[in-house]
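Written out below as structure tokens is the structure these notes cover.
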Amino acid sequence: MRLRRTGRISLTRRAQCDLCVAFGGRIAEELIFGYDKVTTGAQSDIEMATRMARAMVTRFGMSDELGPIS
């Protein structure tokens with residue numbers, strides 16, 4: 001659960017924080033339950049993080065080498 005943001009934050013920083021939160025949930029489940037017992041919630045976190053990372057590069061141009069692709 002994320003808290004409401006009261007201040008302004010750059011899109012780059014917010015996207016990086018969202019990625020950390022998504023991967024943090026997956027890692028926490030693995031540490032608590034073990035590698036073989038990670039739930040589907042953790043799987044959806046990884047899928048969301050993958051979509052976000054792809055959008056960061058392809059839509060928002062957050063890659064010095066590629067730039068915006070759309």
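By order in the structure tokens, chains are A, B, ...; within a chain, residues start at 1; ligands start at 1, following the order shown.
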Set the distance at 12 Å and use only C-alpha atoms: which residues neighbour Ile27 of chain A once local chain neighbours fewer than 2 positions away are removed? I'd like the list as an mmCIF file with C-alpha atoms, in the first residue's frame.
data_model
loop_
_atom_site.group_PDB
_atom_site.id
_atom_site.type_symbol
_atom_site.label_atom_id
_atom_site.label_comp_id
_atom_site.auth_asym_id
_atom_site.auth_seq_id
_atom_site.Cartn_x
_atom_site.Cartn_y
_atom_site.Cartn_z
ATOM 1 C CA CYS A 20 11.612 -0.849 -6.197
ATOM 2 C CA VAL A 21 8.252 -1.419 -4.503
ATOM 3 C CA ALA A 22 7.254 -4.048 -7.072
ATOM 4 C CA PHE A 23 10.510 -5.970 -6.751
ATOM 5 C CA GLY A 24 10.503 -5.540 -2.975
ATOM 6 C CA GLY A 25 7.220 -7.457 -2.674
ATOM 7 C CA GLU A 29 7.791 -13.254 -0.282
ATOM 8 C CA GLU A 30 10.808 -15.280 -1.317
ATOM 9 C CA LEU A 31 12.571 -14.508 1.956
ATOM 10 C CA ILE A 32 9.524 -15.312 4.104
ATOM 11 C CA PHE A 33 7.982 -18.277 2.248
ATOM 12 C CA GLY A 34 10.945 -19.642 0.290
ATOM 13 C CA TYR A 35 11.768 -19.701 -3.409
ATOM 14 C CA LYS A 37 6.336 -20.903 -2.480
ATOM 15 C CA VAL A 38 6.179 -17.411 -3.963
ATOM 16 C CA THR A 39 2.533 -16.480 -4.613
ATOM 17 C CA GLY A 41 0.754 -11.779 -6.261
ATOM 18 C CA ALA A 42 4.515 -11.631 -6.522
ATOM 19 C CA GLN A 43 4.273 -12.801 -10.127
ATOM 20 C CA ASP A 45 4.346 -7.514 -9.307
ATOM 21 C CA ILE A 46 7.108 -8.701 -11.654
#
- Find the distance between atom CA of Met48 of chain A and atom CA of Arg13 of chain A and write it in Å to one decimal.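 That distance, rounded to one decimal, is 16.9 Å.
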- Would you mind telling me which residue in A:Glu65, A:Leu19, A:Asp36, A:Arg14 lies nearest to Met52 of chain A when using only C-alpha atoms?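 Going through A:Glu65, A:Leu19, A:Asp36, A:Arg14 one by one, the smallest distance to Met52 of chain A is for A:Leu19.
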- Task: Just give me the gap between atom CA of Asp18 of chain A and atom CA of Gly61 of chain A in Å, one decimal is fine.
- Result: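 Separating atom CA of Asp18 of chain A from atom CA of Gly61 of chain A is a distance of 17.3 Å.
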- Message: Taking only segment 5-67 of chain A into account, list the residues labelled alpha helix (DSSP H) by DSSP (computed from the backbone), as a PyMOL selection string.
- Response: chain A and resi 11-33+40-58
I need the residues from that last selection saved to file as a tab-separated table (two decimals), in the first residue's frame (with N, CA and C atoms), if you can.
chain	number	residue	atom	x	y	z
A	11	LEU	N	8.96	12.34	-12.66
A	11	LEU	CA	8.48	11.09	-13.24
A	11	LEU	C	9.55	10.01	-13.15
A	12	THR	N	10.80	10.38	-13.40
A	12	THR	CA	11.89	9.41	-13.34
A	12	THR	C	12.02	8.83	-11.94
A	13	ARG	N	12.04	9.67	-10.94
A	13	ARG	CA	12.20	9.21	-9.56
A	13	ARG	C	10.99	8.38	-9.13
A	14	ARG	N	9.80	8.81	-9.49
A	14	ARG	CA	8.59	8.06	-9.12
A	14	ARG	C	8.59	6.69	-9.76
A	15	ALA	N	8.95	6.61	-11.03
A	15	ALA	CA	9.00	5.32	-11.73
A	15	ALA	C	10.03	4.40	-11.08
A	16	GLN	N	11.18	4.94	-10.72
A	16	GLN	CA	12.19	4.13	-10.05
A	16	GLN	C	11.69	3.62	-8.70
A	17	CYS	N	11.00	4.46	-7.96
A	17	CYS	CA	10.44	4.05	-6.67
A	17	CYS	C	9.39	2.96	-6.85
A	18	ASP	N	8.53	3.12	-7.86
A	18	ASP	CA	7.50	2.10	-8.13
A	18	ASP	C	8.13	0.76	-8.48
A	19	LEU	N	9.22	0.79	-9.25
A	19	LEU	CA	9.92	-0.46	-9.58
A	19	LEU	C	10.49	-1.12	-8.32
A	20	CYS	N	11.06	-0.31	-7.45
A	20	CYS	CA	11.61	-0.85	-6.20
A	20	CYS	C	10.53	-1.49	-5.35
A	21	VAL	N	9.37	-0.87	-5.28
A	21	VAL	CA	8.25	-1.42	-4.50
A	21	VAL	C	7.81	-2.75	-5.09
A	22	ALA	N	7.69	-2.81	-6.42
A	22	ALA	CA	7.25	-4.05	-7.07
A	22	ALA	C	8.24	-5.19	-6.82
A	23	PHE	N	9.52	-4.92	-6.98
A	23	PHE	CA	10.51	-5.97	-6.75
A	23	PHE	C	10.64	-6.30	-5.27
A	24	GLY	N	10.42	-5.31	-4.41
A	24	GLY	CA	10.50	-5.54	-2.98
A	24	GLY	C	9.48	-6.55	-2.50
A	25	GLY	N	8.26	-6.50	-3.04
A	25	GLY	CA	7.22	-7.46	-2.67
A	25	GLY	C	7.61	-8.87	-3.05
A	26	ARG	N	8.16	-9.03	-4.22
A	26	ARG	CA	8.59	-10.35	-4.69
A	26	ARG	C	9.72	-10.90	-3.81
A	27	ILE	N	10.67	-10.06	-3.51
A	27	ILE	CA	11.82	-10.48	-2.71
A	27	ILE	C	11.38	-10.82	-1.28
A	28	ALA	N	10.47	-10.03	-0.73
A	28	ALA	CA	9.98	-10.28	0.62
A	28	ALA	C	9.30	-11.64	0.71
A	29	GLU	N	8.46	-11.95	-0.29
A	29	GLU	CA	7.79	-13.25	-0.28
A	29	GLU	C	8.79	-14.40	-0.38
A	30	GLU	N	9.81	-14.23	-1.19
A	30	GLU	CA	10.81	-15.28	-1.32
A	30	GLU	C	11.56	-15.48	0.00
A	31	LEU	N	11.86	-14.40	0.68
A	31	LEU	CA	12.57	-14.51	1.96
A	31	LEU	C	11.70	-15.15	3.04
A	32	ILE	N	10.43	-14.80	3.06
A	32	ILE	CA	9.52	-15.31	4.10
A	32	ILE	C	9.06	-16.74	3.81
A	33	PHE	N	8.60	-16.99	2.58
A	33	PHE	CA	7.98	-18.28	2.25
A	33	PHE	C	8.92	-19.27	1.58
A	40	THR	N	1.17	-15.91	-6.52
A	40	THR	CA	0.89	-15.26	-7.80
A	40	THR	C	0.88	-13.74	-7.67
A	41	GLY	N	0.67	-13.23	-6.46
A	41	GLY	CA	0.75	-11.78	-6.26
A	41	GLY	C	2.13	-11.26	-6.59
A	42	ALA	N	3.14	-12.02	-6.20
A	42	ALA	CA	4.51	-11.63	-6.52
A	42	ALA	C	4.75	-11.70	-8.03
A	43	GLN	N	4.14	-12.68	-8.67
A	43	GLN	CA	4.27	-12.80	-10.13
A	43	GLN	C	3.69	-11.57	-10.82
A	44	SER	N	2.53	-11.13	-10.36
A	44	SER	CA	1.92	-9.96	-10.98
A	44	SER	C	2.75	-8.70	-10.72
A	45	ASP	N	3.45	-8.64	-9.57
A	45	ASP	CA	4.35	-7.51	-9.31
A	45	ASP	C	5.47	-7.47	-10.34
A	46	ILE	N	6.03	-8.63	-10.66
A	46	ILE	CA	7.11	-8.70	-11.65
A	46	ILE	C	6.58	-8.32	-13.04
A	47	GLU	N	5.38	-8.78	-13.38
A	47	GLU	CA	4.80	-8.42	-14.67
A	47	GLU	C	4.56	-6.92	-14.77
A	48	MET	N	4.06	-6.31	-13.67
A	48	MET	CA	3.84	-4.87	-13.66
A	48	MET	C	5.16	-4.12	-13.79
A	49	ALA	N	6.19	-4.58	-13.08
A	49	ALA	CA	7.49	-3.94	-13.14
A	49	ALA	C	8.08	-4.04	-14.55
A	50	THR	N	7.87	-5.17	-15.21
A	50	THR	CA	8.36	-5.34	-16.58
A	50	THR	C	7.67	-4.37	-17.52
A	51	ARG	N	6.34	-4.23	-17.39
A	51	ARG	CA	5.61	-3.27	-18.23
A	51	ARG	C	6.08	-1.84	-17.96
A	52	MET	N	6.29	-1.52	-16.69
A	52	MET	CA	6.76	-0.19	-16.34
A	52	MET	C	8.14	0.09	-16.91
A	53	ALA	N	9.06	-0.85	-16.77
A	53	ALA	CA	10.42	-0.67	-17.27
A	53	ALA	C	10.42	-0.52	-18.79
A	54	ARG	N	9.60	-1.31	-19.47
A	54	ARG	CA	9.51	-1.20	-20.93
A	54	ARG	C	8.98	0.18	-21.33
A	55	ALA	N	7.95	0.65	-20.62
A	55	ALA	CA	7.39	1.97	-20.92
A	55	ALA	C	8.39	3.07	-20.63
A	56	MET	N	9.17	2.91	-19.57
A	56	MET	CA	10.18	3.93	-19.24
A	56	MET	C	11.15	4.13	-20.39
A	57	VAL	N	11.50	3.05	-21.06
A	57	VAL	CA	12.46	3.14	-22.16
A	57	VAL	C	11.77	3.51	-23.46
A	58	THR	N	10.68	2.81	-23.81
A	58	THR	CA	10.08	2.99	-25.13
A	58	THR	C	9.17	4.20	-25.24
